[in-house]
file target_11.csv (CSV, C-alpha atoms and all ligand atoms)
chain,number,residue,atom,x,y,z
A,1,MET,CA,60.0,33.6,18.6
A,2,ASP,CA,63.1,33.0,20.7
A,3,SER,CA,66.5,32.7,19.1
A,4,THR,CA,68.3,29.4,19.2
A,5,VAL,CA,72.1,28.7,19.1
A,6,VAL,CA,73.2,26.0,16.7
A,7,ARG,CA,76.7,24.5,17.1
A,8,ALA,CA,78.5,24.0,13.8
A,9,ALA,CA,82.0,23.6,12.4
A,10,CYS,CA,83.6,25.8,9.8
A,11,PRO,CA,83.4,24.3,6.4
A,12,HIS,CA,86.6,25.8,5.0
A,13,ASP,CA,89.6,23.7,4.1
A,14,CYS,CA,91.6,25.4,6.8
A,15,PRO,CA,93.9,23.9,9.5
A,16,ASP,CA,92.1,25.7,12.3
A,17,THR,CA,88.7,23.9,11.9
A,18,CYS,CA,86.9,26.4,14.1
A,19,ALA,CA,83.9,25.5,16.2
A,20,ILE,CA,81.1,28.0,15.4
A,21,ARG,CA,77.9,29.0,17.3
A,22,VAL,CA,75.2,30.2,14.9
A,23,THR,CA,72.3,32.2,16.3
A,24,VAL,CA,69.1,31.5,14.4
A,25,HIS,CA,66.1,33.7,14.7
A,26,GLU,CA,62.8,32.8,13.0
A,27,GLY,CA,64.6,30.3,10.7
A,28,ARG,CA,67.3,32.8,9.7
A,29,ALA,CA,70.9,32.8,10.8
A,30,VAL,CA,71.5,36.2,12.3
A,31,LYS,CA,74.9,35.8,13.9
A,32,VAL,CA,77.9,33.5,13.8
A,33,GLN,CA,80.6,33.6,16.4
A,34,GLY,CA,83.6,31.4,17.4
A,35,ASP,CA,83.0,29.0,20.2
A,36,PRO,CA,84.8,30.4,23.2
A,37,ASP,CA,85.0,26.9,24.8
A,38,HIS,CA,86.7,25.3,21.9
A,39,PRO,CA,90.5,25.4,21.6
A,40,PRO,CA,92.0,26.7,19.4
A,41,THR,CA,89.0,28.7,18.2
A,42,HIS,CA,89.0,30.8,21.4
A,43,GLY,CA,85.8,32.6,20.4
A,44,ALA,CA,87.3,34.2,17.3
A,45,LEU,CA,86.6,33.5,13.7
A,46,CYS,CA,88.6,34.9,10.8
A,47,THR,CA,87.1,37.5,8.5
A,48,LYS,CA,86.3,34.9,5.8
A,49,VAL,CA,83.7,33.4,8.1
A,50,SER,CA,82.7,36.0,10.7
A,51,ARG,CA,80.4,37.7,8.3
A,52,TYR,CA,78.7,34.6,6.8
A,53,PRO,CA,75.1,35.9,7.5
A,54,GLU,CA,75.7,39.0,5.5
A,55,ARG,CA,77.2,37.0,2.7
A,56,SER,CA,74.5,34.3,2.8
A,57,TYR,CA,71.7,36.8,2.6
A,58,HIS,CA,73.3,39.4,0.4
A,59,PRO,CA,71.0,40.6,-2.4
A,60,GLU,CA,73.8,40.1,-4.9
A,61,ARG,CA,74.5,36.5,-4.0
A,62,VAL,CA,74.3,34.2,-7.0
A,63,LEU,CA,71.4,31.8,-6.3
A,64,GLN,CA,70.7,30.3,-9.8
A,65,PRO,CA,72.8,29.3,-12.8
A,66,LEU,CA,73.9,32.1,-15.2
A,67,ARG,CA,74.6,31.3,-18.8
A,68,ARG,CA,77.2,33.4,-20.6
A,69,ILE,CA,75.6,35.1,-23.6
A,70,GLY,CA,78.5,37.3,-24.8
A,71,PRO,CA,82.3,36.8,-25.4
A,72,LYS,CA,84.3,35.7,-22.4
A,73,GLY,CA,85.1,38.7,-20.2
A,74,SER,CA,82.2,40.8,-21.5
A,75,GLY,CA,80.3,40.0,-18.3
A,76,ARG,CA,77.0,39.3,-20.1
A,77,PHE,CA,75.0,36.4,-18.6
A,78,GLU,CA,71.4,35.4,-18.5
A,79,PRO,CA,69.7,33.5,-15.7
A,80,VAL,CA,68.6,30.0,-16.6
A,81,SER,CA,66.9,27.2,-14.6
A,82,TRP,CA,68.8,24.4,-13.0
A,83,THR,CA,67.1,22.0,-15.5
A,84,THR,CA,68.4,24.0,-18.4
A,85,ALA,CA,71.9,24.4,-16.9
A,86,LEU,CA,72.3,20.7,-16.1
A,87,GLY,CA,70.9,19.7,-19.5
A,88,ASP,CA,73.3,22.0,-21.3
A,89,ILE,CA,76.3,20.6,-19.3
A,90,ALA,CA,75.2,17.0,-19.7
A,91,ALA,CA,74.8,17.4,-23.5
A,92,ARG,CA,78.3,18.9,-23.9
A,93,LEU,CA,79.9,16.2,-21.7
A,94,LYS,CA,78.0,13.5,-23.5
A,95,ALA,CA,79.2,14.7,-26.9
A,96,ILE,CA,82.8,14.8,-25.8
A,97,ALA,CA,82.6,11.5,-24.0
A,98,GLU,CA,81.3,9.8,-27.1
A,99,ARG,CA,84.4,10.8,-29.0
A,100,ASP,CA,86.9,10.3,-26.1
A,101,PRO,CA,86.0,10.5,-22.4
A,102,GLN,CA,89.6,11.2,-21.5
A,103,ALA,CA,89.2,14.5,-23.3
A,104,ILE,CA,87.4,15.6,-20.2
A,105,VAL,CA,89.5,16.7,-17.2
A,106,PRO,CA,87.6,17.2,-13.9
A,107,TYR,CA,89.5,20.1,-12.4
A,108,SER,CA,88.4,20.8,-8.9
A,109,TYR,CA,89.5,20.9,-5.3
A,110,ALA,CA,88.2,21.2,-1.8
A,111,GLY,CA,87.4,24.8,-0.8
A,112,THR,CA,84.4,24.5,1.4
A,113,MET,CA,83.1,21.2,0.0
A,114,GLY,CA,84.4,18.6,2.5
A,115,LEU,CA,84.9,14.9,1.9
A,116,LEU,CA,81.5,14.2,0.3
A,117,GLN,CA,81.1,17.0,-2.2
A,118,GLY,CA,84.8,17.9,-2.7
A,119,GLU,CA,86.5,14.5,-2.6
A,120,SER,CA,84.0,11.9,-3.6
A,121,MET,CA,80.8,12.7,-5.5
A,122,ALA,CA,82.5,14.2,-8.5
A,123,ALA,CA,85.1,11.4,-8.4
A,124,ARG,CA,82.5,8.7,-8.7
A,125,PHE,CA,80.8,10.4,-11.6
A,126,PHE,CA,84.0,11.1,-13.5
A,127,HIS,CA,85.4,7.6,-12.8
A,128,ARG,CA,82.2,6.1,-14.2
A,129,LEU,CA,82.4,8.4,-17.2
A,130,GLY,CA,86.0,7.4,-17.9
A,131,ALA,CA,87.3,10.9,-17.8
A,132,SER,CA,91.0,11.8,-17.4
A,133,LEU,CA,92.3,11.4,-13.8
A,134,LEU,CA,93.3,14.5,-11.9
A,135,ASP,CA,96.2,14.0,-9.5
A,136,ARG,CA,95.1,15.3,-6.2
A,137,THR,CA,96.0,17.7,-4.7
A,138,ILE,CA,96.2,20.6,-7.2
A,139,CYS,CA,98.2,22.8,-5.0
A,140,ALA,CA,99.9,20.9,-2.1
A,141,SER,CA,101.2,17.6,-3.4
A,142,ALA,CA,104.9,18.7,-3.6
A,143,GLY,CA,104.9,19.9,-0.1
A,144,GLY,CA,102.9,17.0,1.2
A,145,ASP,CA,105.1,14.5,-0.5
A,146,ALA,CA,108.2,16.3,0.8
A,147,LEU,CA,107.0,16.1,4.3
A,148,THR,CA,106.1,12.4,3.9
A,149,ALA,CA,109.6,11.7,2.4
A,150,THR,CA,111.2,13.4,5.3
A,151,TYR,CA,109.1,12.3,8.2
A,152,GLY,CA,107.1,9.4,6.9
A,153,GLY,CA,103.8,11.2,7.1
A,154,LYS,CA,102.1,14.6,7.1
A,155,LEU,CA,102.7,15.2,10.7
A,156,GLY,CA,103.9,18.2,12.7
A,157,MET,CA,103.8,20.1,15.9
A,158,HIS,CA,100.6,20.7,17.9
A,159,LEU,CA,99.4,24.2,17.4
A,160,ALA,CA,99.1,25.0,21.1
A,161,HIS,CA,102.7,24.1,21.8
A,162,TYR,CA,103.9,27.1,19.8
A,163,ALA,CA,102.9,29.2,22.9
A,164,ASP,CA,106.0,27.8,24.7
A,165,SER,CA,108.5,28.3,21.9
A,166,LYS,CA,111.4,30.7,22.3
A,167,LEU,CA,112.0,31.3,18.6
A,168,ILE,CA,109.4,30.9,15.9
A,169,LEU,CA,110.3,31.1,12.2
A,170,ILE,CA,107.1,31.9,10.3
A,171,TRP,CA,108.3,30.7,6.9
A,172,GLY,CA,106.1,31.5,3.9
A,173,SER,CA,103.0,32.1,5.9
A,174,ASN,CA,100.8,35.1,6.3
A,175,SER,CA,99.4,33.8,9.5
A,176,ILE,CA,97.3,36.7,10.5
A,177,ALA,CA,95.3,36.4,7.3
A,178,SER,CA,95.2,32.7,6.9
A,179,ASN,CA,96.1,30.9,10.1
A,180,LEU,CA,94.6,33.2,12.7
A,181,HIS,CA,94.7,30.7,15.6
A,182,PHE,CA,98.3,29.8,15.1
A,183,TRP,CA,99.0,33.5,15.4
A,184,THR,CA,97.2,33.6,18.8
A,185,PHE,CA,99.7,31.1,20.1
A,186,ALA,CA,102.6,32.9,18.5
A,187,GLN,CA,101.5,36.1,20.3
A,188,ALA,CA,101.4,34.2,23.6
A,189,ALA,CA,105.0,33.1,22.9
A,190,LYS,CA,105.9,36.6,22.1
A,191,ARG,CA,104.5,37.9,25.4
A,192,GLN,CA,106.8,35.4,27.1
A,193,GLY,CA,109.8,36.7,25.3
A,194,ALA,CA,110.0,34.6,22.2
A,195,LYS,CA,111.5,36.1,19.0
A,196,LEU,CA,109.3,35.9,15.9
A,197,VAL,CA,111.0,35.9,12.5
A,198,CYS,CA,109.0,36.1,9.3
A,199,ILE,CA,110.6,34.7,6.2
A,200,ASP,CA,108.6,35.8,3.2
A,201,PRO,CA,109.2,37.6,-0.1
A,202,ARG,CA,106.1,39.8,0.7
A,203,LYS,CA,105.9,42.4,3.4
A,204,THR,CA,102.7,41.0,4.8
A,205,GLU,CA,100.8,42.2,7.9
A,206,THR,CA,102.3,39.2,9.7
A,207,ALA,CA,105.8,40.3,8.6
A,208,ASP,CA,105.0,43.7,10.1
A,209,LYS,CA,104.2,42.2,13.5
A,210,CYS,CA,107.3,40.0,13.8
A,211,HIS,CA,110.6,41.1,15.3
A,212,GLN,CA,112.4,40.5,12.0
A,213,HIS,CA,111.4,40.1,8.4
A,214,ILE,CA,113.7,38.4,6.0
A,215,ALA,CA,112.5,39.2,2.5
A,216,LEU,CA,114.2,36.5,0.4
A,217,LEU,CA,113.5,36.2,-3.3
A,218,PRO,CA,110.6,33.9,-4.4
A,219,GLY,CA,111.8,30.4,-5.0
A,220,THR,CA,115.0,30.6,-3.0
A,221,ASP,CA,113.8,29.0,0.3
A,222,GLY,CA,115.8,25.8,-0.3
A,223,ALA,CA,119.0,27.9,-0.8
A,224,LEU,CA,118.4,29.6,2.5
A,225,ALA,CA,117.9,26.3,4.3
A,226,LEU,CA,121.2,25.0,2.8
A,227,GLY,CA,122.9,28.2,3.9
A,228,LEU,CA,121.5,27.8,7.4
A,229,MET,CA,122.7,24.2,7.5
A,230,ARG,CA,126.3,25.3,6.7
A,231,GLU,CA,126.3,27.8,9.5
A,232,LEU,CA,125.0,25.1,11.9
A,233,VAL,CA,127.9,22.9,10.9
A,234,VAL,CA,130.6,25.6,10.9
A,235,ASN,CA,129.5,26.8,14.4
A,236,ASP,CA,128.8,23.3,15.7
A,237,TRP,CA,125.2,24.1,16.6
A,238,LEU,CA,124.2,20.6,15.7
A,239,ASP,CA,122.6,18.0,18.0
A,240,HIS,CA,125.0,15.2,17.1
A,241,ASP,CA,123.2,12.7,19.3
A,242,TYR,CA,119.8,13.3,17.7
A,243,ILE,CA,121.3,13.2,14.2
A,244,ALA,CA,123.0,9.9,14.9
A,245,ARG,CA,120.0,8.3,16.5
A,246,HIS,CA,117.1,9.7,14.4
A,247,THR,CA,118.3,10.6,10.9
A,248,GLU,CA,119.8,9.0,7.9
A,249,GLY,CA,121.7,10.5,4.9
A,250,TRP,CA,123.1,13.5,6.8
A,251,PRO,CA,126.8,13.0,5.7
A,252,ALA,CA,125.8,13.4,2.0
A,253,LEU,CA,123.6,16.4,2.7
A,254,ARG,CA,126.2,18.0,5.0
A,255,GLU,CA,128.7,17.8,2.1
A,256,ARG,CA,126.2,19.5,-0.2
A,257,ALA,CA,125.3,22.2,2.4
A,258,MET,CA,129.0,23.1,2.8
A,259,ASP,CA,128.9,24.7,-0.7
A,260,TRP,CA,126.4,27.3,0.6
A,261,THR,CA,128.5,30.0,2.2
A,262,PRO,CA,126.6,33.0,3.7
A,263,GLU,CA,127.8,35.1,0.8
A,264,ARG,CA,126.5,32.6,-1.9
A,265,THR,CA,123.3,32.1,0.0
A,266,ALA,CA,122.8,35.9,0.4
A,267,GLN,CA,123.4,36.4,-3.3
A,268,VAL,CA,120.9,33.7,-4.4
A,269,CYS,CA,118.3,34.7,-1.9
A,270,GLY,CA,118.6,38.5,-2.4
A,271,ILE,CA,119.4,39.1,1.3
A,272,THR,CA,122.5,40.0,3.2
A,273,ALA,CA,125.1,37.5,4.5
A,274,ASP,CA,124.6,38.9,8.0
A,275,GLU,CA,120.9,38.0,7.8
A,276,VAL,CA,121.9,34.4,6.9
A,277,ARG,CA,124.4,34.3,9.8
A,278,GLY,CA,122.1,36.0,12.3
A,279,LEU,CA,119.2,33.7,11.4
A,280,ALA,CA,121.4,30.6,11.7
A,281,ARG,CA,122.7,31.9,15.1
A,282,ASP,CA,119.2,32.4,16.4
A,283,TYR,CA,118.0,29.0,15.1
A,284,GLY,CA,121.1,27.1,16.3
A,285,THR,CA,121.3,28.6,19.8
A,286,THR,CA,117.6,29.1,20.8
A,287,LYS,CA,115.7,26.3,22.4
A,288,PRO,CA,112.9,25.4,21.8
A,289,ALA,CA,112.8,26.7,18.2
A,290,ALA,CA,109.8,26.1,16.0
A,291,ILE,CA,109.0,26.6,12.3
A,292,ARG,CA,105.6,27.3,10.9
A,293,LEU,CA,105.8,26.5,7.3
A,294,ASN,CA,103.2,27.0,4.6
A,295,TYR,CA,102.5,25.9,1.1
A,296,GLY,CA,103.5,28.9,-1.0
A,297,MET,CA,107.2,27.8,-1.3
A,298,GLN,CA,106.3,24.5,-2.8
A,299,ARG,CA,104.3,26.0,-5.7
A,300,VAL,CA,107.5,26.8,-7.6
A,301,HIS,CA,110.0,24.7,-9.5
A,302,GLY,CA,112.0,22.7,-6.9
A,303,GLY,CA,109.5,23.7,-4.2
A,304,GLY,CA,109.1,20.1,-2.9
A,305,ASN,CA,112.9,19.9,-2.3
A,306,ALA,CA,112.8,23.3,-0.6
A,307,VAL,CA,110.2,21.9,1.9
A,308,ARG,CA,112.4,18.9,2.4
A,309,LEU,CA,115.4,21.0,3.2
A,310,VAL,CA,113.5,23.3,5.6
A,311,ALA,CA,111.9,20.2,7.3
A,312,ILE,CA,115.3,18.7,8.0
A,313,LEU,CA,116.4,21.8,10.0
A,314,PRO,CA,114.6,20.7,13.2
A,315,CYS,CA,116.4,17.4,13.1
A,316,LEU,CA,119.8,19.0,12.9
A,317,VAL,CA,119.4,21.0,16.1
A,318,GLY,CA,117.3,18.4,17.9
A,319,ALA,CA,114.3,20.7,18.0
A,320,TRP,CA,112.0,17.7,18.2
A,321,ARG,CA,113.2,16.9,21.6
A,322,ASP,CA,110.9,19.6,23.0
A,323,ALA,CA,107.1,19.7,22.5
A,324,ALA,CA,107.5,23.4,21.7
A,325,GLY,CA,110.2,22.7,19.0
A,326,GLY,CA,109.9,21.3,15.6
A,327,LEU,CA,107.8,22.2,12.5
A,328,LEU,CA,104.3,22.3,11.2
A,329,LEU,CA,103.3,22.3,7.6
A,330,SER,CA,100.3,20.0,7.7
A,331,ALA,CA,99.0,17.6,10.3
A,332,SER,CA,96.4,16.0,8.1
A,333,GLY,CA,98.2,12.6,8.4
A,334,TRP,CA,97.0,12.5,12.0
A,335,PHE,CA,93.4,11.9,10.8
A,336,LYS,CA,94.0,9.5,7.9
A,337,ARG,CA,92.8,6.5,9.9
A,338,PHE,CA,89.2,7.9,10.0
A,339,ARG,CA,88.9,8.1,6.2
A,340,ASN,CA,87.7,5.4,3.9
A,341,ASP,CA,88.7,6.8,0.5
A,342,ALA,CA,87.6,3.7,-1.4
A,343,ALA,CA,84.1,3.9,-0.1
A,344,LEU,CA,83.9,7.6,-0.8
A,345,GLN,CA,85.5,7.8,-4.2
A,346,ARG,CA,84.7,4.3,-5.7
A,347,PRO,CA,87.9,3.5,-7.5
A,348,ASP,CA,86.2,0.3,-8.6
A,349,LEU,CA,84.4,2.4,-11.2
A,350,LEU,CA,87.7,3.1,-12.9
A,351,ALA,CA,87.6,-0.3,-14.6
A,352,GLY,CA,91.2,-1.1,-14.0
A,353,ARG,CA,92.7,2.4,-14.6
A,354,ALA,CA,95.0,3.6,-11.8
A,355,ARG,CA,94.3,6.7,-9.8
A,356,ALA,CA,96.8,8.2,-7.4
A,357,PRO,CA,95.3,8.2,-3.9
A,358,SER,CA,94.2,11.5,-2.5
A,359,THR,CA,97.0,12.7,-0.2
A,360,TRP,CA,95.6,15.8,1.6
B,401,LIG,S1,90.2,30.4,10.7
B,401,LIG,FE1,88.4,31.0,9.4
B,401,LIG,S2,88.4,29.6,7.6
B,401,LIG,FE2,89.8,28.7,9.2
B,401,LIG,S3,88.5,27.3,10.3
B,401,LIG,FE3,88.5,29.3,11.5
B,401,LIG,S4,86.7,30.4,10.7
B,401,LIG,FE4,87.1,28.7,9.2
call {"tool": "encode", "arguments": {"input": "target_11.csv", "output": "structure tokens", "more": "lines below"}}
Ligand code: SF4
result
Amino acid sequence: MDSTVVRAACPHDCPDTCAIRVTVHEGRAVKVQGDPDHPPTHGALCTKVSRYPERSYHPERVLQPLRRIGPKGSGRFEPVSWTTALGDIAARLKAIAERDPQAIVPYSYAGTMGLLQGESMAARFFHRLGASLLDRTICASAGGDALTATYGGKLGMHLAHYADSKLILIWGSNSIASNLHFWTFAQAAKRQGAKLVCIDPRKTETADKCHQHIALLPGTDGALALGLMRELVVNDWLDHDYIARHTEGWPALRERAMDWTPERTAQVCGITADEVRGLARDYGTTKPAAIRLNYGMQRVHGGGNAVRLVAILPCLVGAWRDAAGGLLLSASGWFKRFRNDAALQRPDLLAGRARAPSTW
């Protein structure tokens, strides 16, 4: 029988949203490859997905429920039928719900589940049950809210425009491992002479491939952003016209930033004062300058404010004037209009209880 090629989209909760071609032979997927005609996939899938056939058909893949029969951590399980597993879970949920349904917390997130399985079917069930409400998202709300507070929405640069940037700060992102297609554009920029700076406590493979790695201490990103702001002020690398026309609150923030000398910033961040000065010089004098931000920095105390501070930097130098300048953390706000959360999640089943809207 001949093989056929089926077009698909990657199911992962990943900004790249790759287009995939799946080769199917005799009812079995034998190969997956990135669609060469789809930007930004460019024919390449990341390692998570490029070996899906091996994973799907691996003899050790778990295909039926396993019930633990020993102490946690002992690794002892027995296979049970779906009917038994669902019956066990339902009996336990029912007993708890009869006492107090809010003693149940549905703790889940997206992964590879999409809007139907990840964002709605469970919500309907737990709304109806009267379970406690989980604030979505689990891991990105602080950064998402920070972006929204700064720009009015989860919006950012178009990925392809990074190819024309002259300076790219890859701030808290191991792009080679988790944002492969951004990295393709960053490499294109590098070939055209752009400088790549990785700002990350970890010496990742991305840090290895950048011109410079600034290994600040975890949780000090906001301090570095304030230190950069002070240098931008002191050296007058500000775009005063842009600030006047498109920002509000700068005088108060400016006053606050002036406390962050290179020496103080360096001490807090665990880097050198020359690294602070050099980074500020690069950022203040290179156009267009772009920042690729990621979510790690907002998973610490004060992380949301760190994102806000970093997100303000492009406004101070007028980076947004150029398509290849600005910042990207998330662009999910672009697609909000296509979602009907109420139809998916059925908040009417909450019987008057309030649930924070999903923000991812
Ligand atoms: S980079 Fe990997 S996880 Fe992300 S969309 Fe592409 S194949 Fe999927």
call {"tool": "closest_residue", "arguments": {"input": "target_11.csv", "among": "A:Ser178, A:Asp2, A:Thr83, A:Leu147", "to": "ligand LIG 401 (chain B)", "atoms": "only C-alpha atoms and all ligand atoms"}}
result
A:Ser178
call {"tool": "residues_around", "arguments": {"input": "target_11.csv", "residues": "His161 (chain A)", "least_positions_apart": "4", "cutoff": "8 Å", "atoms": "all atoms listed in the file", "output": "JSON, numbers by chain"}}
result
{"A": [157, 165, 185, 323, 324]}
call {"tool": "residues_near_ligand", "arguments": {"input": "target_11.csv", "ligand": "ligand LIG 401 (chain B)", "cutoff": "7 Å", "atoms": "all atoms listed in the file", "output": "mmCIF file with C-alpha atoms, keeping the file's coordinate frame"}}
result
data_model
loop_
_atom_site.group_PDB
_atom_site.id
_atom_site.type_symbol
_atom_site.label_atom_id
_atom_site.label_comp_id
_atom_site.auth_asym_id
_atom_site.auth_seq_id
_atom_site.Cartn_x
_atom_site.Cartn_y
_atom_site.Cartn_z
ATOM 1 C CA CYS A 10 83.600 25.800 9.800
ATOM 2 C CA PRO A 11 83.400 24.300 6.400
ATOM 3 C CA HIS A 12 86.600 25.800 5.000
ATOM 4 C CA ASP A 13 89.600 23.700 4.100
ATOM 5 C CA CYS A 14 91.600 25.400 6.800
ATOM 6 C CA PRO A 15 93.900 23.900 9.500
ATOM 7 C CA ASP A 16 92.100 25.700 12.300
ATOM 8 C CA THR A 17 88.700 23.900 11.900
ATOM 9 C CA CYS A 18 86.900 26.400 14.100
ATOM 10 C CA THR A 41 89.000 28.700 18.200
ATOM 11 C CA LEU A 45 86.600 33.500 13.700
ATOM 12 C CA CYS A 46 88.600 34.900 10.800
ATOM 13 C CA THR A 47 87.100 37.500 8.500
ATOM 14 C CA LYS A 48 86.300 34.900 5.800
ATOM 15 C CA VAL A 49 83.700 33.400 8.100
ATOM 16 C CA SER A 50 82.700 36.000 10.700
ATOM 17 C CA SER A 178 95.200 32.700 6.900
ATOM 18 C CA ASN A 179 96.100 30.900 10.100
ATOM 19 C CA LEU A 180 94.600 33.200 12.700
ATOM 20 C CA HIS A 181 94.700 30.700 15.600
#
call {"tool": "atom_distance", "arguments": {"input": "target_11.csv", "atom1": "CA of Asn340 (chain A)", "atom2": "CA of Gly144 (chain A)"}}
result
19.3 Å
call {"tool": "residues_around", "arguments": {"input": "target_11.csv", "residues": "Ala110 (chain A)", "least_positions_apart": "6", "cutoff": "12 Å", "atoms": "all atoms listed in the file", "output": "PyMOL selection string"}}
result
chain A and resi 11-14+116-122+136-140+358+360
call {"tool": "residues_around", "arguments": {"input": "target_11.csv", "residues": "Ala19 (chain A)", "least_positions_apart": "3", "cutoff": "8 Å", "atoms": "all atoms listed in the file", "output": "ChimeraX atom specification"}}
result
/A:7-10,34-35,38,41
call {"tool": "closest_residue", "arguments": {"input": "target_11.csv", "among": "A:Trp260, A:Phe77, A:Phe125, A:Tyr52", "to": "Gln33 (chain A)", "atoms": "all atoms listed in the file"}}
result
A:Tyr52
call {"tool": "closest_atom_pairs", "arguments": {"input": "target_11.csv", "of": "region 63-182 of chain A", "to": "region 304-314 of chain A", "cutoff": "8 Å", "atoms": "all atoms listed in the file", "output": "tab-separated table"}}
result
residue	atom	partner	partner_atom	distance
A:Ala142	CA	A:Gly304	CA	4.5
A:Gly143	CA	A:Gly304	CA	5.1
A:Asp145	CA	A:Gly304	CA	7.3
A:Ala146	CA	A:Arg308	CA	5.2
A:Leu147	CA	A:Arg308	CA	6.4
A:Ala149	CA	A:Arg308	CA	7.7
A:Thr150	CA	A:Arg308	CA	6.3
call {"tool": "closest_residue", "arguments": {"input": "target_11.csv", "among": "A:Thr184, A:Pro288, A:Tyr242, A:Ile214", "to": "Gly43 (chain A)", "atoms": "only C-alpha atoms"}}
result
A:Thr184
call {"tool": "atom_distance", "arguments": {"input": "target_11.csv", "atom1": "CA of Trp171 (chain A)", "atom2": "CA of Lys287 (chain A)"}}
result
17.7 Å
call {"tool": "closest_residue", "arguments": {"input": "target_11.csv", "among": "A:Ala194, A:Ile104, A:Leu159, A:Met229", "to": "Phe182 (chain A)", "atoms": "only C-alpha atoms"}}
result
A:Leu159
call {"tool": "closest_residue", "arguments": {"input": "target_11.csv", "among": "A:Leu115, A:Val276, A:Ile291, A:Leu328", "to": "Asp341 (chain A)", "atoms": "all atoms listed in the file"}}
result
A:Leu115
call {"tool": "atom_distance", "arguments": {"input": "target_11.csv", "atom1": "CA of Pro53 (chain A)", "atom2": "CA of Pro40 (chain A)"}}
result
22.6 Å
call {"tool": "closest_residue", "arguments": {"input": "target_11.csv", "among": "A:Gly156, A:Pro201, A:Gly278, A:Gly227", "to": "Trp334 (chain A)", "atoms": "only C-alpha atoms"}}
result
A:Gly156
call {"tool": "residues_near_point", "arguments": {"input": "target_11.csv", "point": "(82.2, 16.1, -15.2)", "cutoff": "12 Å", "atoms": "only C-alpha atoms", "output": "count of residues only"}}
result
31
call {"tool": "residues_around", "arguments": {"input": "target_11.csv", "residues": "Asp200 (chain A)", "least_positions_apart": "5", "cutoff": "12 Å", "atoms": "only C-alpha atoms", "output": "short mmCIF file (atom, residue, chain, number, x, y, z; two decimals) with C-alpha atoms, in the frame of the given file"}}
result
data_model
loop_
_atom_site.label_atom_id
_atom_site.label_comp_id
_atom_site.auth_asym_id
_atom_site.auth_seq_id
_atom_site.Cartn_x
_atom_site.Cartn_y
_atom_site.Cartn_z
CA LEU A 169 110.30 31.10 12.20
CA ILE A 170 107.10 31.90 10.30
CA TRP A 171 108.30 30.70 6.90
CA GLY A 172 106.10 31.50 3.90
CA SER A 173 103.00 32.10 5.90
CA ASN A 174 100.80 35.10 6.30
CA SER A 175 99.40 33.80 9.50
CA GLU A 205 100.80 42.20 7.90
CA THR A 206 102.30 39.20 9.70
CA ALA A 207 105.80 40.30 8.60
CA ASP A 208 105.00 43.70 10.10
CA CYS A 210 107.30 40.00 13.80
CA GLN A 212 112.40 40.50 12.00
CA HIS A 213 111.40 40.10 8.40
CA ILE A 214 113.70 38.40 6.00
CA ALA A 215 112.50 39.20 2.50
CA LEU A 216 114.20 36.50 0.40
CA LEU A 217 113.50 36.20 -3.30
CA PRO A 218 110.60 33.90 -4.40
CA GLY A 219 111.80 30.40 -5.00
CA THR A 220 115.00 30.60 -3.00
CA ASP A 221 113.80 29.00 0.30
CA LEU A 224 118.40 29.60 2.50
CA CYS A 269 118.30 34.70 -1.90
CA GLY A 270 118.60 38.50 -2.40
CA ILE A 271 119.40 39.10 1.30
CA ARG A 292 105.60 27.30 10.90
CA LEU A 293 105.80 26.50 7.30
CA ASN A 294 103.20 27.00 4.60
CA TYR A 295 102.50 25.90 1.10
CA GLY A 296 103.50 28.90 -1.00
CA MET A 297 107.20 27.80 -1.30
#
call {"tool": "axis_aligned_box", "arguments": {"input": "target_11.csv", "around": "region 224-229 of chain A", "padding_each_side": "3 Å", "output": "JSON"}}
result
{"center_x": 120.4, "center_y": 26.9, "center_z": 5.0, "size_x": 11.0, "size_y": 11.4, "size_z": 11.0}
call {"tool": "residues_around", "arguments": {"input": "target_11.csv", "residues": "Gln64 (chain A)", "least_positions_apart": "2", "cutoff": "8 Å", "atoms": "only C-alpha atoms", "output": "PDB file with C-alpha atoms, keeping the file's coordinate frame"}}
result
ATOM      1  CA  VAL A  62      74.300  34.200  -7.000  1.00  0.00           C
ATOM      2  CA  LEU A  66      73.900  32.100 -15.200  1.00  0.00           C
ATOM      3  CA  PRO A  79      69.700  33.500 -15.700  1.00  0.00           C
ATOM      4  CA  VAL A  80      68.600  30.000 -16.600  1.00  0.00           C
ATOM      5  CA  SER A  81      66.900  27.200 -14.600  1.00  0.00           C
ATOM      6  CA  TRP A  82      68.800  24.400 -13.000  1.00  0.00           C
TER       7      TRP A  82
END
